[in-house]
Amino acid sequence: MASDEENVGSLKQQLAKLFEASLRVTVPDEVDTEPLITACNPRFGDYQCNNAMSLWTKIKGKRSEFTGPQPVGRAIMANLPASEMIESCTIAGPGFVNVVLSRQWIAKSVQKMLIAGIEAWAPKLPVKRAVVDFSSPNIAKEMHVGHLRSTIIGDTLSRLLEFSNVEVLRRNHVGDWGTQFGMLIEYLFEKFPNLDVASDQAIGDLEAFYKESKQRFDTDSGFKERAQQAVVSLQGGEERYRTAWAKICEISRKGYERVYQRLGIKLEEKGESFYNPYILRVLEELNNQGLIEDSEGARVISIEGMNRPLIVVKKDGGFNYASTDLAALWYRLNEEKAEWIIYVTDVGQREHFEMVFTAAKRAGWLPAADTMYPKTSHVGFGLVLGDDGKRFRTRSTEVVRLVDLLDEAKSRCKAALVERGKADEWTEEELEQTAEAVGYGAVKYADLKNNRLTNYTFNFDQMLSDKGNTAVYLLYAHARICSIIRKSGKEIEELKKTGTIVLAHPDERVLGLHLLQFAESVEEACTNLLPNVLCEYLYNLSEYFTRFYSNCQVVGSAEETSRLLLCEATAVVMRKCFHLLGIVPVYKI
């Protein structure tokens, strides 16, 4: 683990420090000016400081030594502290300061990472603890393809934050409370008068069990009445009903765990029932602040800019999603002391969460400005579509079970490996592990590489292709790098201590610079909650490596040691990208 001294932050952060020092000297009165650093067109340099134009509009008429934005830019450039990081600077247009980074410094920084570990490149974020609320299936229903996006996007965002040294509370807000449990419990009593024999094997398919109980509820008025009474008994804490409820939850949980195990996902369950005891206290607090009012028999909170209020108590006196979500938010802020609370659900729930967040701001739980902490974010995502452009379903129009989808990806991968003769070369265990890593990785990457707000089409042939921007292509690219290092016969750990990286060839420099930009890609993916930013970085990394390898001989060249170290640095960064995306790397193909 890298210490704070070793953790230098991203390239942008390091350059920002230098330009901040210059700005304090150049315009000492403009203390609020933050350095504006962006990557620039490679023809002009590596990075650019864009403060001159906006500073000129502020200081025009106040400072006689400047006659326009370009002189401001020149002064910023002249006042930069000396740094081995910068090779040269030039001025362009209205005072843009273009920066070329030192080739030697890039090489030295990559080499340092190889010795200190990739953690030295973790970005520095302004939060210490975050809650990520994701996956959140409903009890008694199978996890289907619709749960895929929340589960893997939430896991990746958690991994990105954890890598950035944020303590992440991964929360599975399962739907384990509510009126549907009345019909489930009543049906369970009918089927199994002796609850002790109601095992998951005896009940069988819980989804079918749910549908059967729903059908009884809709067609049998006596059953419906008993089911409604069962809800009252459950909420009143009657032991027999609580036992039946716990049994149904336990069977569901086993099904979810099978999916989470396949996907390598860790979550802590705190479902709707967990927050139930807090609802009355939270609503009382909001009521005492005068935020809750009566509306057509319901209790509501008015939300400015919305044409309808947020209902927190229904007409029948029952609670709803809003009451639970407000209680959960209160708990996360006050008990778990989270500074950033992130909700990963489909885009259709955006308005609901915006209303909950606005109510929390009215109550003073959250600051009015979204740039201040503690803060909340809704991470919306689009639909998973089939080839027909409609919601992805089976031929019998059922939603696709997630377990079946993952098994299919794995079996297709295994068949492809067998076809390539790997069954003769590898052990059965190696075959299974590789098929699993590539199959599950392909499903995850096909989702994560898209901007999460858009719908995407689920297509096995495309996601399992070994060409283009796919997990299969990237995993094989990583395996090829490992093969180059193995075939050299050199001990890479020894080379890290004794060798030196030299970036003499232009393609070596491009690759070295891109490796250093890993931290800012992670930072951008975290800040904007967009995993596709990291996917794009990873795909570009493999492309830059391919160009380097095509134009720069590695094994047997005079630069072999340096280039092997560059290969290893690429493999290290690729592996960390895979880890952050929840993908298991493969080392041979």
# chains A, B, ... in the order shown; residues from 1 in each chain; ligands from 1
call {"tool": "residues_around", "arguments": {"residues": "Glu212 of chain A", "least_positions_apart": "3", "cutoff": "12 Å", "atoms": "only C-alpha atoms", "output": "list in words"}}
result
Ala140, Met183, Leu184, Glu186, Tyr187, Leu188, Glu190, Lys191, Ile203, Asp205, Leu206, Glu207, Ala208, Phe209, Gln215, Arg216, Phe217, Asp218, Thr219 and Asp220 of chain A
call {"tool": "residues_around", "arguments": {"residues": "segment 440-445 of chain A", "least_positions_apart": "2", "cutoff": "7 Å", "atoms": "only C-alpha atoms", "output": "MDAnalysis selection string"}}
result
chainID A and resid 152 263 406 409:410 436:438 447:449 463:464 470:472 583:584
call {"tool": "closest_residue", "arguments": {"among": "A:Lys270, A:Pro35, A:Asp29, A:Phe44", "to": "Pro137 of chain A", "atoms": "only C-alpha atoms"}}
result
A:Lys270
call {"tool": "residues_around", "arguments": {"residues": "segment 84-96 of chain A", "least_positions_apart": "4", "cutoff": "6 Å", "atoms": "only C-alpha atoms", "output": "ChimeraX atom specification"}}
result
/A:49-50,52,69-70,73,100-102,105
call {"tool": "atom_distance", "arguments": {"atom1": "atom CA of Ile248 of chain A", "atom2": "atom CA of Val174 of chain A"}}
result
12.9 Å
call {"tool": "select_by_dssp", "arguments": {"residues": "segment 50-193 of chain A", "states": "strand (DSSP E or B)", "output": "list in words"}}
result
Ile86, Glu87, Ser88, Cys89, Thr90, Ile91, Ala92, Phe96, Val97, Asn98, Val99, Val100, Leu101, Arg129, Ala130, Val131, Val132, Asp133, Asn138, His144, Glu167, Val168, Leu169, Arg170, Arg171, Asn172 and Gly175 of chain A
call {"tool": "select_by_dssp", "arguments": {"residues": "segment 19-56 of chain A", "states": "helix (DSSP H, G or I)", "output": "JSON, numbers by chain"}}
result
{"A": [19, 20, 21, 22, 23, 24, 25, 26, 52, 53, 54, 55, 56]}
call {"tool": "write_last_selection", "arguments": {"atoms": "N, CA and C atoms", "output": "mmCIF file, in the first residue's frame"}}
result
data_model
loop_
_atom_site.group_PDB
_atom_site.id
_atom_site.type_symbol
_atom_site.label_atom_id
_atom_site.label_comp_id
_atom_site.auth_asym_id
_atom_site.auth_seq_id
_atom_site.Cartn_x
_atom_site.Cartn_y
_atom_site.Cartn_z
ATOM 1 N N PHE A 19 0.863 25.133 -11.204
ATOM 2 C CA PHE A 19 0.198 26.331 -11.733
ATOM 3 C C PHE A 19 -0.472 27.146 -10.620
ATOM 4 N N GLU A 20 -0.883 26.467 -9.564
ATOM 5 C CA GLU A 20 -1.460 27.196 -8.426
ATOM 6 C C GLU A 20 -0.405 28.107 -7.802
ATOM 7 N N ALA A 21 0.822 27.578 -7.671
ATOM 8 C CA ALA A 21 1.920 28.387 -7.128
ATOM 9 C C ALA A 21 2.182 29.600 -8.026
ATOM 10 N N SER A 22 2.117 29.379 -9.333
ATOM 11 C CA SER A 22 2.332 30.480 -10.276
ATOM 12 C C SER A 22 1.214 31.524 -10.179
ATOM 13 N N LEU A 23 -0.031 31.071 -10.080
ATOM 14 C CA LEU A 23 -1.182 31.990 -10.008
ATOM 15 C C LEU A 23 -1.119 32.860 -8.755
ATOM 16 N N ARG A 24 -0.646 32.280 -7.636
ATOM 17 C CA ARG A 24 -0.550 33.056 -6.380
ATOM 18 C C ARG A 24 0.433 34.225 -6.539
ATOM 19 N N VAL A 25 1.461 34.020 -7.388
ATOM 20 C CA VAL A 25 2.454 35.075 -7.633
ATOM 21 C C VAL A 25 1.947 36.039 -8.718
ATOM 22 N N THR A 26 1.342 35.471 -9.774
ATOM 23 C CA THR A 26 0.912 36.275 -10.926
ATOM 24 C C THR A 26 -0.244 37.203 -10.579
ATOM 25 N N ALA A 52 -5.794 32.123 -18.385
ATOM 26 C CA ALA A 52 -5.487 33.500 -18.783
ATOM 27 C C ALA A 52 -6.722 34.293 -19.223
ATOM 28 N N MET A 53 -7.551 33.690 -20.051
ATOM 29 C CA MET A 53 -8.713 34.393 -20.619
ATOM 30 C C MET A 53 -9.685 34.846 -19.514
ATOM 31 N N SER A 54 -10.053 33.894 -18.627
ATOM 32 C CA SER A 54 -11.022 34.243 -17.574
ATOM 33 C C SER A 54 -10.411 35.215 -16.566
ATOM 34 N N LEU A 55 -9.104 35.092 -16.319
ATOM 35 C CA LEU A 55 -8.431 36.032 -15.393
ATOM 36 C C LEU A 55 -8.435 37.447 -15.973
ATOM 37 N N TRP A 56 -8.192 37.531 -17.294
ATOM 38 C CA TRP A 56 -8.126 38.852 -17.933
ATOM 39 C C TRP A 56 -9.459 39.590 -17.773
#
call {"tool": "closest_residue", "arguments": {"among": "A:Val586, A:Leu366, A:Ala75, A:Leu286", "to": "Tyr473 of chain A", "atoms": "only C-alpha atoms"}}
result
A:Val586
call {"tool": "residues_around", "arguments": {"residues": "segment 106-116 of chain A", "least_positions_apart": "2", "cutoff": "7 Å", "atoms": "only C-alpha atoms", "output": "count of residues only"}}
result
14
call {"tool": "atom_distance", "arguments": {"atom1": "atom CA of Leu530 of chain A", "atom2": "atom CA of Phe134 of chain A"}}
result
14.7 Å
call {"tool": "residues_around", "arguments": {"residues": "Pro126 of chain A", "least_positions_apart": "2", "cutoff": "9 Å", "atoms": "only C-alpha atoms", "output": "ChimeraX atom specification"}}
result
/A:124,128,373
call {"tool": "write_last_selection", "arguments": {"atoms": "C-alpha atoms", "output": "mmCIF file, in the first residue's frame"}}
result
data_model
loop_
_atom_site.group_PDB
_atom_site.id
_atom_site.type_symbol
_atom_site.label_atom_id
_atom_site.label_comp_id
_atom_site.auth_asym_id
_atom_site.auth_seq_id
_atom_site.Cartn_x
_atom_site.Cartn_y
_atom_site.Cartn_z
ATOM 1 C CA LYS A 124 -7.073 11.721 -4.110
ATOM 2 C CA LYS A 128 -13.479 9.475 3.284
ATOM 3 C CA TYR A 373 -20.566 17.409 1.135
#
call {"tool": "residues_around", "arguments": {"residues": "Arg547 of chain A", "least_positions_apart": "4", "cutoff": "9 Å", "atoms": "only C-alpha atoms", "output": "VMD selection string"}}
result
chain A and resid 507 511 542 to 543 551 to 552
call {"tool": "atom_distance", "arguments": {"atom1": "atom CA of Leu283 of chain A", "atom2": "atom CA of His352 of chain A"}}
result
17.4 Å
call {"tool": "decode", "arguments": {"residues": "segment 357-369 of chain A", "atoms": "N, CA, C and O atoms", "output": "tab-separated table (two decimals), in the first residue's frame"}}
result
chain	number	residue	atom	x	y	z
A	357	PHE	N	-34.13	13.72	-2.46
A	357	PHE	CA	-32.95	14.55	-2.16
A	357	PHE	C	-33.37	16.00	-1.86
A	357	PHE	O	-32.81	16.64	-0.98
A	358	THR	N	-34.34	16.51	-2.63
A	358	THR	CA	-34.81	17.89	-2.41
A	358	THR	C	-35.45	18.02	-1.03
A	358	THR	O	-35.23	19.00	-0.31
A	359	ALA	N	-36.25	17.00	-0.64
A	359	ALA	CA	-36.86	17.00	0.70
A	359	ALA	C	-35.78	17.02	1.77
A	359	ALA	O	-35.88	17.75	2.77
A	360	ALA	N	-34.70	16.26	1.55
A	360	ALA	CA	-33.59	16.22	2.52
A	360	ALA	C	-32.88	17.57	2.61
A	360	ALA	O	-32.45	17.99	3.68
A	361	LYS	N	-32.79	18.26	1.47
A	361	LYS	CA	-32.18	19.61	1.49
A	361	LYS	C	-33.09	20.58	2.25
A	361	LYS	O	-32.60	21.40	3.04
A	362	ARG	N	-34.39	20.48	2.03
A	362	ARG	CA	-35.34	21.35	2.75
A	362	ARG	C	-35.24	21.12	4.26
A	362	ARG	O	-35.40	22.04	5.06
A	363	ALA	N	-34.96	19.86	4.64
A	363	ALA	CA	-34.87	19.52	6.07
A	363	ALA	C	-33.53	19.91	6.67
A	363	ALA	O	-33.33	19.79	7.88
A	364	GLY	N	-32.58	20.36	5.80
A	364	GLY	CA	-31.26	20.74	6.30
A	364	GLY	C	-30.32	19.57	6.49
A	364	GLY	O	-29.24	19.70	7.07
A	365	TRP	N	-30.71	18.39	5.99
A	365	TRP	CA	-29.82	17.22	6.10
A	365	TRP	C	-28.65	17.34	5.13
A	365	TRP	O	-27.57	16.82	5.38
A	366	LEU	N	-28.91	17.98	3.98
A	366	LEU	CA	-27.90	18.11	2.93
A	366	LEU	C	-27.71	19.59	2.61
A	366	LEU	O	-28.67	20.36	2.69
A	367	PRO	N	-26.49	20.01	2.23
A	367	PRO	CA	-26.29	21.41	1.84
A	367	PRO	C	-27.04	21.69	0.53
A	367	PRO	O	-27.29	20.78	-0.27
A	368	ALA	N	-27.38	22.96	0.32
A	368	ALA	CA	-28.15	23.34	-0.88
A	368	ALA	C	-27.34	23.12	-2.15
A	368	ALA	O	-27.88	22.72	-3.19
A	369	ALA	N	-26.02	23.37	-2.08
A	369	ALA	CA	-25.17	23.25	-3.29
A	369	ALA	C	-24.74	21.80	-3.48
A	369	ALA	O	-24.27	21.15	-2.55
